[in-house]
Each structure stands twice: as C-alpha cells, then as structure tokens.
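*Asks:* Starting off with a structure, shown below.
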Amino acid sequence: MGTDPERSARTGIERELKRGSLELIVLHLLAPREAYGYEIVSKLTARTNGALGVTDGTLYPVLYRLERAGLVAVRWETPERGVPRKYYRLTPAGREELARLTHEWNTFARAMSNLLASEEDA
Amino acid sequence: MTGDLYVQSVIDQVPPGLPVRDQIAMDLRSHIAERLDHNQSIDEVVQQLGDPLRLAESYLAAVPLRSAPFSNRLAAKVIDVAIFIAGALAMACALWLLLPDPVKIFGAMASLFAGIFGFVIYTVVAESREGATVGKRLMGLRVVRESGARISLGQSFVRQLPFFGQFFWIDAGFALFTDHRQRAFELLTKTRTIAVLLCAGIVAPALMITAWTT
C-alpha cells in the first residue's frame, strides 16, 4: 500500500492525463452525431466503465472553450415539456482538430508503449 | 441549495461588465436542468459541478483578457482622486466656515485625512464588490484575479497597501514593464486590471486632454 505522497502523485498524473486529453475525448464523442452535456458525460462513463469519468464541473468549461474556439457549434432545443437543451456538434474546424489531436495521441501512445516495452531500460 | 442559487454563486465570481456572464449562467441552468431531468437531486448536481469559484475560473479560462492600457489606468486614478479631493475640500471648507476659530484648523485637517482614508476604503470595497471604482468604470476597466474571476476583499486590501507607503510610484511603474501590465502589488496578489470596453482607449486620452486644457 502506497504512502500519501505516492498516492497523491498517482492521482496527480491521472488528473494531468485526463486534463490533457479531455478536448480529444469530447471531440471524439461528438464525431458521430450531436449530443447534449449529460449525454456526453453518460457516454464517456459507459464506454470507459467509469475509468475516464469526469465531473460536470470539468466537462462543461471544456465544452464552453470548444464552442468559443469554433470547434463545436451549438443549437438550443426547447421541448414542449421540460427545459431547453443545448446540443453540441462538431464544426469542420472541429473535425480537423480531432484528426490532428488523434494523430498526436497515437504517436505519443506508440512512443510510450515502445519505451515501456523496451527491455534495455527495465 | 437550489439550482438558481448555485448558478448565482458562480456568476458572482465573474466580474460585472464581462459579457460572458449571461452566457455562462444560461449554460449552467441548462446543464443543471438536464441532470434534474434525469432524476438526480440538486445536491448530487451541485457536487458534480464543484466549487463555484473553481467552476467560474474554468469557464473564464476560455475568455481572453485584455490588459488595460497604462493611460486608461492613469486616467481612472485621476478621476477617482479628483472626486475624493473635491469631496474632502468641500467638507474642509464647510468645517472651516462653520467651526469656531480655535478648532476650525483641526476640522479642516480631519476632513482631509477622512478623504484620504475614505478613498482607500472606497477603493478596497468597490474593487472587491464591483470589480471597479467609478474612475475604472468610466474608463472601461475591471480588476480581476489572474484567472479572470472576481477578487476577494483581502486581495483588494493588499492591492492598496502601496498607497500608504512611499513606494506607490515604484509599484505603479511595474505596470510599464510587466507582461500583463501588472503593478508590483498586483503580481503579489495575483490580480490584474483588464479592459472590458473597446472604446476606452479613445476615451482615456480624450478625458486627459480635456482635464489638462480646462
């Protein structure tokens, strides 16, 4: 069992990894079709079995940033019953950014896998 | 806590005058309503959203902050000081005329000191509550944390400490050389002064020229 500083360092790494990849995650989840905030959180939790679960307080500012950067477009839908719902969809610039981030992520992940698998350093 | 109260507590951290306030409020109301619509309790929703200050700062990270031009800051300070000097002088004159001879000098002096302390206290309270004094408001400026959120009373107080020392001009001089045009005590308190009105760059020199020529 790890000590407190060790545990805190581990959670720190997890947090940094999540923070660094959250924009890619959101763009990826919006790629097939538009979705609203709660739907995005639910999809993310379901597809990763909760391993990449994020709080609303982390996700919504990211959506807001993507919207301001022109990477996602929004539309409001007001149902007959219930509250207006904000739907997010990728813009062409968002698709380009998704492709770029995916490429970067794959390159990074491959490099890390190669590094961690190499026997010389072990 | 209700959803509206939570939204308000987040919006309270966004300095008045920033046009994004309404958009953030609308976004949050919609997100909270979505969660409630999916049978979550308001306590769960609030827990998911987290600390209002942190959330406001996360939103504000997406908003580019424009550092206030030095001329606008100077003009704002001139306006504020002029208002308080005028008030203190008026009170000093009134006391000079109303009080009997031996004490009138003390009355006049007291009103000048009251003016100086009143100026500092007003600045501290106005900048922490509204993000701006009258002068800053007229010049389209707001005082914010480096994250863009509203400053606290403590930060506002420490920002004004150079006013009591002999180093006010040295402190202010930092604004000419630092990246975000921050005074030394703004760097210390992690606060900065931003421009929220695009036309203020024209208004500042115009006001200064008017003041100079009259």
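Identifiers for the structure tokens are assigned positionally: chains receive A, B, ... in sequence, residues are indexed from 1 per chain, and ligands are indexed from 1 in the order shown.
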Counting only C-alpha atoms, collect the residues of chain A whose closest atom lies at most 12 Å from chain B, and write them out as a tab-separated table (two decimals) with all heavy atoms, in the first residue's frame.
*Replies:*
```
chain	number	residue	atom	x	y	z
A	19	ARG	N	-6.83	15.81	-18.03
A	19	ARG	CA	-6.97	17.21	-18.44
A	19	ARG	C	-6.40	17.40	-19.84
A	19	ARG	O	-6.97	18.08	-20.67
A	19	ARG	CB	-6.25	18.10	-17.44
A	19	ARG	CG	-6.50	19.58	-17.67
A	19	ARG	CD	-5.74	20.43	-16.70
A	19	ARG	NE	-6.13	20.19	-15.32
A	19	ARG	CZ	-5.46	20.62	-14.27
A	19	ARG	NH1	-4.36	21.30	-14.43
A	19	ARG	NH2	-5.88	20.39	-13.04
A	36	TYR	N	-26.01	16.33	-26.17
A	36	TYR	CA	-26.07	17.36	-25.13
A	36	TYR	C	-25.17	16.96	-23.96
A	36	TYR	O	-24.68	15.82	-23.91
A	36	TYR	CB	-27.52	17.64	-24.70
A	36	TYR	CG	-28.29	16.45	-24.20
A	36	TYR	CD1	-28.34	16.15	-22.84
A	36	TYR	CD2	-28.99	15.64	-25.09
A	36	TYR	CE1	-29.06	15.07	-22.37
A	36	TYR	CE2	-29.71	14.55	-24.63
A	36	TYR	CZ	-29.74	14.27	-23.28
A	36	TYR	OH	-30.44	13.19	-22.82
A	37	GLY	N	-24.95	17.91	-23.05
A	37	GLY	CA	-23.95	17.74	-22.00
A	37	GLY	C	-24.06	16.44	-21.23
A	37	GLY	O	-23.08	15.69	-21.13
A	38	TYR	N	-25.24	16.17	-20.70
A	38	TYR	CA	-25.42	14.98	-19.88
A	38	TYR	C	-25.15	13.71	-20.68
A	38	TYR	O	-24.59	12.74	-20.18
A	38	TYR	CB	-26.85	14.97	-19.31
A	38	TYR	CG	-27.14	13.78	-18.42
A	38	TYR	CD1	-26.66	13.75	-17.12
A	38	TYR	CD2	-27.86	12.70	-18.89
A	38	TYR	CE1	-26.90	12.66	-16.30
A	38	TYR	CE2	-28.11	11.60	-18.09
A	38	TYR	CZ	-27.63	11.58	-16.80
A	38	TYR	OH	-27.86	10.51	-16.00
A	39	GLU	N	-25.57	13.76	-21.96
A	39	GLU	CA	-25.37	12.62	-22.85
A	39	GLU	C	-23.86	12.34	-23.02
A	39	GLU	O	-23.44	11.17	-23.03
A	39	GLU	CB	-25.97	12.98	-24.22
A	39	GLU	CG	-26.51	11.85	-25.03
A	39	GLU	CD	-27.12	12.36	-26.32
A	39	GLU	OE1	-27.34	13.58	-26.49
A	39	GLU	OE2	-27.39	11.51	-27.19
A	40	ILE	N	-23.08	13.40	-23.15
A	40	ILE	CA	-21.63	13.24	-23.34
A	40	ILE	C	-21.01	12.58	-22.10
A	40	ILE	O	-20.22	11.64	-22.21
A	40	ILE	CB	-20.96	14.61	-23.62
A	40	ILE	CG1	-21.48	15.19	-24.93
A	40	ILE	CG2	-19.45	14.48	-23.68
A	40	ILE	CD1	-21.09	16.64	-25.18
A	41	VAL	N	-21.41	13.08	-20.92
A	41	VAL	CA	-20.87	12.51	-19.67
A	41	VAL	C	-21.25	11.03	-19.56
A	41	VAL	O	-20.42	10.17	-19.23
A	41	VAL	CB	-21.41	13.28	-18.44
A	41	VAL	CG1	-20.89	12.65	-17.15
A	41	VAL	CG2	-20.99	14.73	-18.49
A	42	SER	N	-22.52	10.74	-19.87
A	42	SER	CA	-23.01	9.35	-19.76
A	42	SER	C	-22.26	8.44	-20.71
A	42	SER	O	-21.85	7.33	-20.35
A	42	SER	CB	-24.50	9.28	-20.06
A	42	SER	OG	-25.19	10.17	-19.25
A	53	GLY	N	-14.15	8.73	-16.12
A	53	GLY	CA	-15.27	9.58	-15.71
A	53	GLY	C	-14.80	10.96	-15.30
A	53	GLY	O	-13.78	11.11	-14.64
A	54	VAL	N	-15.50	11.97	-15.77
A	54	VAL	CA	-15.16	13.35	-15.37
A	54	VAL	C	-16.39	13.98	-14.73
A	54	VAL	O	-17.52	13.58	-14.99
A	54	VAL	CB	-14.71	14.23	-16.56
A	54	VAL	CG1	-13.41	13.75	-17.13
A	54	VAL	CG2	-15.79	14.29	-17.63
A	55	THR	N	-16.15	14.97	-13.89
A	55	THR	CA	-17.28	15.66	-13.28
A	55	THR	C	-17.83	16.70	-14.27
A	55	THR	O	-17.13	17.12	-15.20
A	55	THR	CB	-16.86	16.39	-12.00
A	55	THR	OG1	-15.89	17.38	-12.36
A	55	THR	CG2	-16.27	15.43	-10.98
A	56	ASP	N	-19.06	17.10	-14.02
A	56	ASP	CA	-19.67	18.13	-14.87
A	56	ASP	C	-18.85	19.41	-14.81
A	56	ASP	O	-18.72	20.13	-15.79
A	56	ASP	CB	-21.09	18.43	-14.39
A	56	ASP	CG	-22.00	17.24	-14.61
A	56	ASP	OD1	-21.50	16.20	-15.06
A	56	ASP	OD2	-23.22	17.37	-14.34
A	57	GLY	N	-18.32	19.69	-13.61
A	57	GLY	CA	-17.55	20.91	-13.41
A	57	GLY	C	-16.29	20.94	-14.25
A	57	GLY	O	-15.73	22.00	-14.49
A	58	THR	N	-15.81	19.79	-14.69
A	58	THR	CA	-14.65	19.73	-15.57
A	58	THR	C	-15.08	19.76	-17.03
A	58	THR	O	-14.46	20.41	-17.86
A	58	THR	CB	-13.85	18.42	-15.32
A	58	THR	OG1	-13.62	18.30	-13.92
A	58	THR	CG2	-12.53	18.42	-16.05
A	59	LEU	N	-16.17	19.05	-17.32
A	59	LEU	CA	-16.59	18.92	-18.72
A	59	LEU	C	-17.18	20.21	-19.30
A	59	LEU	O	-16.83	20.60	-20.42
A	59	LEU	CB	-17.63	17.79	-18.84
A	59	LEU	CG	-18.17	17.64	-20.25
A	59	LEU	CD1	-17.18	16.92	-21.15
A	59	LEU	CD2	-19.50	16.93	-20.26
A	60	TYR	N	-18.07	20.86	-18.56
A	60	TYR	CA	-18.79	22.00	-19.15
A	60	TYR	C	-17.89	23.15	-19.56
A	60	TYR	O	-18.08	23.72	-20.64
A	60	TYR	CB	-19.92	22.46	-18.22
A	60	TYR	CG	-21.00	21.41	-18.04
A	60	TYR	CD1	-21.66	21.23	-16.85
A	60	TYR	CD2	-21.34	20.58	-19.11
A	60	TYR	CE1	-22.64	20.26	-16.69
A	60	TYR	CE2	-22.30	19.60	-18.96
A	60	TYR	CZ	-22.94	19.43	-17.76
A	60	TYR	OH	-23.90	18.47	-17.62
A	61	PRO	N	-16.88	23.50	-18.73
A	61	PRO	CA	-15.97	24.54	-19.21
A	61	PRO	C	-15.22	24.14	-20.49
A	61	PRO	O	-14.91	24.98	-21.32
A	61	PRO	CB	-15.00	24.74	-18.04
A	61	PRO	CG	-15.79	24.35	-16.84
A	61	PRO	CD	-16.63	23.19	-17.31
A	62	VAL	N	-14.96	22.82	-20.64
A	62	VAL	CA	-14.28	22.36	-21.86
A	62	VAL	C	-15.20	22.57	-23.07
A	62	VAL	O	-14.78	23.05	-24.12
A	62	VAL	CB	-13.86	20.87	-21.74
A	62	VAL	CG1	-13.37	20.33	-23.07
A	62	VAL	CG2	-12.78	20.72	-20.69
A	63	LEU	N	-16.47	22.21	-22.89
A	63	LEU	CA	-17.44	22.43	-23.97
A	63	LEU	C	-17.52	23.92	-24.34
A	63	LEU	O	-17.58	24.30	-25.50
A	63	LEU	CB	-18.83	21.93	-23.55
A	63	LEU	CG	-19.01	20.41	-23.54
A	63	LEU	CD1	-20.30	20.03	-22.82
A	63	LEU	CD2	-19.01	19.84	-24.95
A	64	TYR	N	-17.50	24.74	-23.30
A	64	TYR	CA	-17.57	26.19	-23.50
A	64	TYR	C	-16.34	26.67	-24.27
A	64	TYR	O	-16.44	27.49	-25.19
A	64	TYR	CB	-17.66	26.86	-22.12
A	64	TYR	CG	-17.78	28.35	-22.15
A	64	TYR	CD1	-18.94	28.98	-22.59
A	64	TYR	CD2	-16.73	29.16	-21.72
A	64	TYR	CE1	-19.04	30.36	-22.60
A	64	TYR	CE2	-16.83	30.54	-21.72
A	64	TYR	CZ	-17.98	31.13	-22.16
A	64	TYR	OH	-18.08	32.49	-22.17
A	65	ARG	N	-15.16	26.14	-23.90
A	65	ARG	CA	-13.92	26.53	-24.60
A	65	ARG	C	-13.96	26.11	-26.06
A	65	ARG	O	-13.60	26.87	-26.94
A	65	ARG	CB	-12.71	25.83	-23.94
A	65	ARG	CG	-12.11	26.57	-22.79
A	65	ARG	CD	-10.63	26.23	-22.62
A	65	ARG	NE	-10.36	24.84	-22.35
A	65	ARG	CZ	-10.48	24.28	-21.14
A	65	ARG	NH1	-10.89	25.01	-20.13
A	65	ARG	NH2	-10.21	23.01	-20.96
A	66	LEU	N	-14.45	24.88	-26.30
A	66	LEU	CA	-14.52	24.38	-27.68
A	66	LEU	C	-15.50	25.22	-28.49
A	66	LEU	O	-15.27	25.50	-29.67
A	66	LEU	CB	-14.97	22.91	-27.69
A	66	LEU	CG	-13.99	21.91	-27.06
A	66	LEU	CD1	-14.62	20.51	-26.98
A	66	LEU	CD2	-12.69	21.84	-27.87
A	67	GLU	N	-16.59	25.63	-27.83
A	67	GLU	CA	-17.58	26.47	-28.52
A	67	GLU	C	-16.97	27.82	-28.89
A	67	GLU	O	-17.11	28.29	-30.02
A	67	GLU	CB	-18.79	26.66	-27.58
A	67	GLU	CG	-19.91	27.46	-28.21
A	67	GLU	CD	-20.99	27.80	-27.19
A	67	GLU	OE1	-21.06	27.16	-26.12
A	67	GLU	OE2	-21.77	28.73	-27.48
A	68	ARG	N	-16.27	28.42	-27.94
A	68	ARG	CA	-15.66	29.74	-28.20
A	68	ARG	C	-14.57	29.65	-29.26
A	68	ARG	O	-14.34	30.60	-30.01
A	68	ARG	CB	-15.07	30.32	-26.91
A	68	ARG	CG	-16.11	30.92	-26.00
A	68	ARG	CD	-15.45	31.63	-24.85
A	68	ARG	NE	-14.78	32.85	-25.28
A	68	ARG	CZ	-15.31	34.06	-25.20
A	68	ARG	NH1	-16.51	34.23	-24.72
A	68	ARG	NH2	-14.64	35.12	-25.60
A	69	ALA	N	-13.90	28.50	-29.31
A	69	ALA	CA	-12.83	28.32	-30.30
A	69	ALA	C	-13.38	27.95	-31.67
A	69	ALA	O	-12.63	27.82	-32.63
A	69	ALA	CB	-11.87	27.24	-29.81
A	70	GLY	N	-14.70	27.79	-31.77
A	70	GLY	CA	-15.32	27.47	-33.06
A	70	GLY	C	-15.16	26.02	-33.45
A	70	GLY	O	-15.36	25.65	-34.62
A	74	VAL	N	-23.38	25.04	-31.51
A	74	VAL	CA	-24.46	24.66	-30.60
A	74	VAL	C	-25.82	25.03	-31.19
A	74	VAL	O	-25.92	25.93	-32.02
A	74	VAL	CB	-24.31	25.33	-29.21
A	74	VAL	CG1	-23.00	24.94	-28.57
A	74	VAL	CG2	-24.43	26.83	-29.30
A	75	ARG	N	-26.80	24.32	-30.73
A	75	ARG	CA	-28.18	24.71	-31.04
A	75	ARG	C	-29.02	24.41	-29.80
A	75	ARG	O	-28.74	23.45	-29.07
A	75	ARG	CB	-28.72	24.01	-32.28
A	75	ARG	CG	-29.17	22.61	-32.08
A	75	ARG	CD	-29.77	22.00	-33.33
A	75	ARG	NE	-29.98	20.58	-33.09
A	75	ARG	CZ	-31.06	20.06	-32.51
A	75	ARG	NH1	-32.07	20.85	-32.16
A	75	ARG	NH2	-31.16	18.76	-32.29
A	76	TRP	N	-29.99	25.27	-29.56
A	76	TRP	CA	-30.87	25.08	-28.41
A	76	TRP	C	-32.15	24.41	-28.88
A	76	TRP	O	-32.71	24.81	-29.91
A	76	TRP	CB	-31.21	26.43	-27.78
A	76	TRP	CG	-30.07	27.02	-27.01
A	76	TRP	CD1	-29.11	27.86	-27.51
A	76	TRP	CD2	-29.75	26.82	-25.62
A	76	TRP	NE1	-28.21	28.18	-26.51
A	76	TRP	CE2	-28.59	27.58	-25.35
A	76	TRP	CE3	-30.35	26.09	-24.60
A	76	TRP	CZ2	-28.01	27.62	-24.10
A	76	TRP	CZ3	-29.75	26.13	-23.34
A	76	TRP	CH2	-28.60	26.88	-23.10
A	77	GLU	N	-32.59	23.43	-28.13
A	77	GLU	CA	-33.87	22.79	-28.48
A	77	GLU	C	-34.80	22.92	-27.28
A	77	GLU	O	-34.43	22.54	-26.16
A	77	GLU	CB	-33.63	21.32	-28.80
A	77	GLU	CG	-34.88	20.66	-29.38
A	77	GLU	CD	-34.61	19.20	-29.74
A	77	GLU	OE1	-34.00	18.95	-30.79
A	77	GLU	OE2	-35.02	18.33	-28.95
A	78	THR	N	-35.96	23.49	-27.53
A	78	THR	CA	-36.91	23.65	-26.45
A	78	THR	C	-38.05	22.65	-26.64
A	78	THR	O	-38.85	22.81	-27.56
A	78	THR	CB	-37.48	25.08	-26.43
A	78	THR	OG1	-36.39	26.00	-26.51
A	78	THR	CG2	-38.28	25.35	-25.17
A	81	ARG	N	-42.37	19.91	-23.29
A	81	ARG	CA	-42.35	19.77	-21.83
A	81	ARG	C	-40.89	19.66	-21.39
A	81	ARG	O	-40.11	18.99	-22.03
A	81	ARG	CB	-43.08	18.47	-21.45
A	81	ARG	CG	-43.61	18.41	-20.03
A	81	ARG	CD	-44.49	17.15	-19.87
A	81	ARG	NE	-43.78	15.93	-20.20
A	81	ARG	CZ	-42.98	15.26	-19.36
A	81	ARG	NH1	-42.77	15.71	-18.15
A	81	ARG	NH2	-42.38	14.15	-19.73
A	82	GLY	N	-40.53	20.37	-20.39
A	82	GLY	CA	-39.14	20.30	-19.91
A	82	GLY	C	-38.35	21.56	-20.22
A	82	GLY	O	-38.92	22.57	-20.62
A	83	VAL	N	-37.05	21.44	-20.03
A	83	VAL	CA	-36.19	22.63	-20.12
A	83	VAL	C	-35.48	22.69	-21.46
A	83	VAL	O	-35.30	21.66	-22.11
A	83	VAL	CB	-35.12	22.58	-19.01
A	83	VAL	CG1	-35.73	22.80	-17.65
A	83	VAL	CG2	-34.36	21.27	-19.07
A	84	PRO	N	-35.09	23.90	-21.90
A	84	PRO	CA	-34.32	23.99	-23.16
A	84	PRO	C	-33.02	23.21	-23.02
A	84	PRO	O	-32.39	23.23	-21.97
A	84	PRO	CB	-34.03	25.49	-23.29
A	84	PRO	CG	-34.97	26.18	-22.39
A	84	PRO	CD	-35.30	25.23	-21.29
A	85	ARG	N	-32.68	22.51	-24.07
A	85	ARG	CA	-31.47	21.67	-24.01
A	85	ARG	C	-30.47	22.16	-25.06
A	85	ARG	O	-30.85	22.49	-26.18
A	85	ARG	CB	-31.89	20.24	-24.30
A	85	ARG	CG	-30.83	19.23	-24.10
A	85	ARG	CD	-31.40	17.84	-24.12
A	85	ARG	NE	-31.96	17.45	-22.84
A	85	ARG	CZ	-32.68	16.36	-22.64
A	85	ARG	NH1	-32.97	15.56	-23.66
A	85	ARG	NH2	-33.14	16.06	-21.44
A	86	LYS	N	-29.21	22.19	-24.68
A	86	LYS	CA	-28.17	22.69	-25.58
A	86	LYS	C	-27.44	21.52	-26.24
A	86	LYS	O	-26.85	20.70	-25.54
A	86	LYS	CB	-27.18	23.54	-24.77
A	86	LYS	CG	-26.22	24.34	-25.59
A	86	LYS	CD	-25.37	25.22	-24.69
A	86	LYS	CE	-24.45	26.11	-25.50
A	86	LYS	NZ	-23.62	26.96	-24.63
A	87	TYR	N	-27.53	21.45	-27.56
A	87	TYR	CA	-26.88	20.37	-28.31
A	87	TYR	C	-25.58	20.87	-28.92
A	87	TYR	O	-25.52	21.98	-29.44
A	87	TYR	CB	-27.80	19.86	-29.42
A	87	TYR	CG	-28.88	18.93	-28.92
A	87	TYR	CD1	-30.10	19.43	-28.48
A	87	TYR	CD2	-28.68	17.56	-28.90
A	87	TYR	CE1	-31.09	18.58	-28.02
A	87	TYR	CE2	-29.65	16.70	-28.44
A	87	TYR	CZ	-30.86	17.22	-28.00
A	87	TYR	OH	-31.83	16.37	-27.53
A	88	TYR	N	-24.57	20.02	-28.85
A	88	TYR	CA	-23.26	20.35	-29.41
A	88	TYR	C	-22.97	19.46	-30.61
A	88	TYR	O	-23.27	18.27	-30.58
A	88	TYR	CB	-22.16	20.13	-28.38
A	88	TYR	CG	-22.30	20.95	-27.13
A	88	TYR	CD1	-23.12	20.52	-26.08
A	88	TYR	CD2	-21.63	22.16	-26.99
A	88	TYR	CE1	-23.25	21.28	-24.93
A	88	TYR	CE2	-21.77	22.92	-25.85
A	88	TYR	CZ	-22.58	22.48	-24.82
A	88	TYR	OH	-22.72	23.23	-23.68
```
*Asks:* Neighbours of Leu89 (chain B) within 12 Å (only C-alpha atoms; same-chain residues fewer than 6 positions away dropped), as a PyMOL selection string?
*Replies:* chain B and resi 81-83+95-96+107-116
*Asks:* Once you have the residues from the selection above, write them out as a PDB file, in the first residue's frame, restricted to C-alpha atoms.
*Replies:*
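Dumped to result20.pdb:
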```pdb
ATOM      1  CA  VAL B  81      -8.592  61.021  -6.774  1.00  0.00           C
ATOM      2  CA  ALA B  82     -10.258  64.149  -8.189  1.00  0.00           C
ATOM      3  CA  ILE B  83     -13.648  63.037  -6.872  1.00  0.00           C
ATOM      4  CA  LEU B  95     -15.964  72.988   8.522  1.00  0.00           C
ATOM      5  CA  TRP B  96     -13.648  75.987   8.185  1.00  0.00           C
ATOM      6  CA  GLY B 107     -11.779  70.258  11.487  1.00  0.00           C
ATOM      7  CA  ALA B 108     -10.325  71.079   8.094  1.00  0.00           C
ATOM      8  CA  MET B 109      -7.339  68.754   8.628  1.00  0.00           C
ATOM      9  CA  ALA B 110      -9.607  65.966   9.852  1.00  0.00           C
ATOM     10  CA  SER B 111     -11.755  66.203   6.740  1.00  0.00           C
ATOM     11  CA  LEU B 112      -8.663  65.915   4.515  1.00  0.00           C
ATOM     12  CA  PHE B 113      -7.494  62.799   6.404  1.00  0.00           C
ATOM     13  CA  ALA B 114     -11.019  61.409   6.239  1.00  0.00           C
ATOM     14  CA  GLY B 115     -10.888  61.986   2.475  1.00  0.00           C
ATOM     15  CA  ILE B 116      -7.638  60.008   2.133  1.00  0.00           C
TER      16      ILE B 116
END
```
*Asks:* Within 12 Å of region 104-112 of chain A, counting only C-alpha atoms, which residues qualify if same-chain residues fewer than 4 places away don't, as a ChimeraX atom specification?
*Replies:* /A:17,20-25,97-100,116-118
*Asks:* Quick check for you: according to DSSP on this backbone, which residues of chain B are classed as helix (DSSP H, G or I)? Reply as a ChimeraX atom specification.
*Replies:* /B:3-11,20-37,42-49,52-60,70-98,101-129,134-138,153-159,161-164,168-176,184-189,200-213
*Asks:* Could you jot down the CA of Ser9 (chain B) to CA of Phe157 (chain B) separation for me, Å, one decimal place?
*Replies:*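 Result for CA of Ser9 (chain B) versus CA of Phe157 (chain B): 22.1 Å, one decimal.
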*Asks:* Would you please extract all strand (DSSP E) residues from region 2-113 of chain A, as assigned by DSSP on the backbone, and give them as a ChimeraX atom specification?
*Replies:* /A:35-36,72-77,85-90
*Asks:* Selected residues, N, CA and C atoms, written as a tab-separated table (two decimals), in the first residue's frame, please.
*Replies:*
```
chain	number	residue	atom	x	y	z
A	35	ALA	N	-24.75	15.89	-29.54
A	35	ALA	CA	-25.16	15.37	-28.23
A	35	ALA	C	-25.28	16.54	-27.26
A	36	TYR	N	-26.01	16.33	-26.17
A	36	TYR	CA	-26.07	17.36	-25.13
A	36	TYR	C	-25.17	16.96	-23.96
A	72	VAL	N	-16.82	23.47	-31.90
A	72	VAL	CA	-18.18	22.89	-31.86
A	72	VAL	C	-19.19	24.01	-32.05
A	73	ALA	N	-20.31	23.64	-32.67
A	73	ALA	CA	-21.41	24.59	-32.83
A	73	ALA	C	-22.53	24.14	-31.91
A	74	VAL	N	-23.38	25.04	-31.51
A	74	VAL	CA	-24.46	24.66	-30.60
A	74	VAL	C	-25.82	25.03	-31.19
A	75	ARG	N	-26.80	24.32	-30.73
A	75	ARG	CA	-28.18	24.71	-31.04
A	75	ARG	C	-29.02	24.41	-29.80
A	76	TRP	N	-29.99	25.27	-29.56
A	76	TRP	CA	-30.87	25.08	-28.41
A	76	TRP	C	-32.15	24.41	-28.88
A	77	GLU	N	-32.59	23.43	-28.13
A	77	GLU	CA	-33.87	22.79	-28.48
A	77	GLU	C	-34.80	22.92	-27.28
A	85	ARG	N	-32.68	22.51	-24.07
A	85	ARG	CA	-31.47	21.67	-24.01
A	85	ARG	C	-30.47	22.16	-25.06
A	86	LYS	N	-29.21	22.19	-24.68
A	86	LYS	CA	-28.17	22.69	-25.58
A	86	LYS	C	-27.44	21.52	-26.24
A	87	TYR	N	-27.53	21.45	-27.56
A	87	TYR	CA	-26.88	20.37	-28.31
A	87	TYR	C	-25.58	20.87	-28.92
A	88	TYR	N	-24.57	20.02	-28.85
A	88	TYR	CA	-23.26	20.35	-29.41
A	88	TYR	C	-22.97	19.46	-30.61
A	89	ARG	N	-22.40	20.05	-31.67
A	89	ARG	CA	-21.95	19.22	-32.81
A	89	ARG	C	-20.62	19.76	-33.32
A	90	LEU	N	-19.88	18.88	-33.98
A	90	LEU	CA	-18.56	19.30	-34.48
A	90	LEU	C	-18.71	20.21	-35.68
```
*Asks:* Just to confirm, what's the straight-line distance from CA of Phe174 (chain B) to CA of Gly131 (chain B) in Å (one decimal)?
*Replies:*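 Answer for the CA of Phe174 (chain B) to CA of Gly131 (chain B) separation: 21.0 Å.
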*Asks:* State, in Å with one decimal place, the distance from CA of Thr91 (chain A) to CA of Ala149 (chain B).
*Replies:*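 Those two atoms sit 29.4 Å apart.
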*Asks:* Tell me which of A:Ser113, A:Ala51, A:Lys18, A:Pro32 sits closest to Arg95 (chain A), counting only C-alpha atoms.
*Replies:* A:Pro32
*Asks:* Go through B:Leu53, B:Arg192, B:Val125, B:Asn72 and flag the residue nearest Gln8 (chain B), using only C-alpha atoms for the distances.
*Replies:*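 The shortest atom-to-atom distance to Gln8 (chain B) comes from B:Leu53.
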